[in-house]
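Peer 1: So that we are looking at the same thing, I have put the structure below in C-alpha cells.
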Amino acid sequence: MGATTVTVTVPGEGEGEGEGKGKRKREGAGAGPVRLFCTDHGGDGPPLLLLHGLAGHCGEWDALAARFAATHRVIAFDARGSGASTRRPGDVTRAANVRDVLAVARRFGLAGPDTVLVGQSMGGLTALLTAAAHPEVCRALILIEAGPAGPSPGLPEQIGRWLDSWPVPFPDREAAEAFFGGGPAGRAWAAGLAPGPGGLHPRVDRDVMVATVQENAHRDHWDAWDRVRCPVLVVRGENGTMKPEEAERMRARHAATRTVVVPDAGHDAHLDNTAAVYGEMASYLAVLAGSGPG
C-alpha cells in the first residue's frame with residue numbers, strides 16, 4: 001500500500017477543527033486556520049512522527065519512511081509556511097509549531113506513550129519543545145542536527161541571504177538539483193519546488209522563513225531541554241553545522257541521551273547518508289522497544 005495524503009486543519013481562535021483528504025490548498029496571511037499537508041506512509045508498528053527542517057518539506061523523509069513502514073507507523077507533514085501547508089500563516093512561533101505537532105498526532109492517533117518524534121534542524125527543535133511541554137505525547141526523541149543552543153543573532157539575516165541567493169525561477173529540475181549540491185539532498189530540495197511562470201519556484205516565502213527563526217536569534221532553549229524526561233538520540237552529521245560541544249552538553253544535562261555521528265553527511269544527514277541514519281535509528285528504536293515503557 002502506498003502513501004496517502006491528508007490535510008489537517010489547525011483552527012484559529014474560536015474556530016472548530018476539520019480535515020480534508022488529498023488537498024494542497026494554500027491560504028492567505030492572517031490568524032485564521034492553518035492547513036497542514038500530511039503524508040501517511042502506513043505501517044502497523046510503534047509510531048514515528050517526522051518533522052522536517054526550515055524551508056523543507058515532508059517529502060525529504062520518503063526514503064527513510066519507506067524503510068520504516070515495514071516496522072513502524074510513519075507520518076510526516078509539511079510545517080506551517082512550508083511545502084503544501086498554509087504558506088503565509090499568521091503565527092510562526094515555536095509554540096504554534098508545537099500546537100501543529102499535537103494536532104497531527106491526535107488526528108492520526110499518535111499522541112501517546114509509544115510515539116517517537118523525529119526532527120531535523122528546526123523540526124528537531126519543534127520536537128524537543130513538544131516533548132518538554134507535553135511529555136505525555138511521546139516515548140522518545142530523535143534529533144538530527146538539532147538542539148537547544150542559542151541565541152543566534154545573525155540567523156535571520158543569514159537565512160534571508162540564503163533564500164535571496166536562490167536563482168528563482170530555476171529553469172528545470174536538473175538546474176535546481178545542481179544548485180542545491182546534487183546527490184540525494186539536491187534531489188530532495190529540488191523536489192520541494194513547484195512549477196510556475198518561467199520554471200520552478202519555492203513553496204516558501206522568504207519573509208515567513210526569516211520570521212520563523214526570529215526566536216532563535218534572541219534566545220536559547222536549554223530551559224526546555226532541562227524539562228525533557230524521555231530518552232533522546234542526537235544525530236550529528238560528520239560535516240554538519242551542529243557543534244560537538246552542544247551535543248555533549250545535552251548529554252551532560254540529560255543522562256538518557258545518546259549521541260552518534262553519521263559519516264559522509266552534512267546538516268541534511270537524513271538525505272546525505274540515509275542508510276547510516278536508518279541504521280542508527282533502527283538500532284536505537286530496537287533498544288528502546290526492548291527497554292519497556294518509561
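Letters A, B, ... mark the chains of the C-alpha cells in the order given; residue numbers begin at 1 per chain; ligand numbers begin at 1, in order shown.
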Looking only at strand (DSSP E) from DSSP on the backbone, list the matching residues of segment 254-285 of chain A as a PyMOL selection string.
Peer 2: chain A and resi 257-262
Peer 1: Extract, using only C-alpha atoms, all DNA, RNA and protein residues at most 6 Å from segment 206-223 of chain A, discarding same-chain residues fewer than 6 positions from it, and format them as a VMD selection string.
Peer 2: chain A and resid 92 148 to 153 155 to 156
Peer 1: Find the spatial neighbours of Val137 of chain A, counting only C-alpha atoms, within a cut-off of 8 Å - ignore same-chain residues fewer than 2 positions away - and output them as a VMD selection string.
Peer 2: chain A and resid 102 110 to 113 115 131 134 to 135 139
Peer 1: Fewer than 5 positions away in the same chain doesn't count, so skip those; otherwise give me all residues within 8 Å of Val204 of chain A, counting only C-alpha atoms, as an MDAnalysis selection string.
Peer 2: chainID A and resid 55 81:83 87 209
Peer 1: Tell me, which residues of segment 7-138 of chain A carry DSSP alpha helix (DSSP H), written as a PyMOL selection string?
Peer 2: chain A and resi 62-68+94-107+122-133
Peer 1: Quote the spacing between atom CA of Cys230 of chain A and atom CA of Arg251 of chain A in Å to one decimal place.
Peer 2: 12.6 Å
Peer 1: I'd like the contact shell of Pro244 of chain A - 12 Å cut-off, only C-alpha atoms, skipping same-chain residues fewer than 6 positions apart - returned as a VMD selection string.
Peer 2: chain A and resid 145 to 147 149 234 to 238 250 to 251 259 to 261
Peer 1: Considering only C-alpha atoms, state which residue in the set A:Ala84, A:Leu49, A:Gly43, A:His72 is at the smallest distance from Ala289 of chain A.
Peer 2: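 For Ala289 of chain A, the nearest of the candidates is A:His72.
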Peer 1: Using only C-alpha atoms for the distances, tell me which of A:Leu129, A:Ala70, A:Arg203, A:Gly160 is nearest to His57 of chain A.
Peer 2: A:Arg203
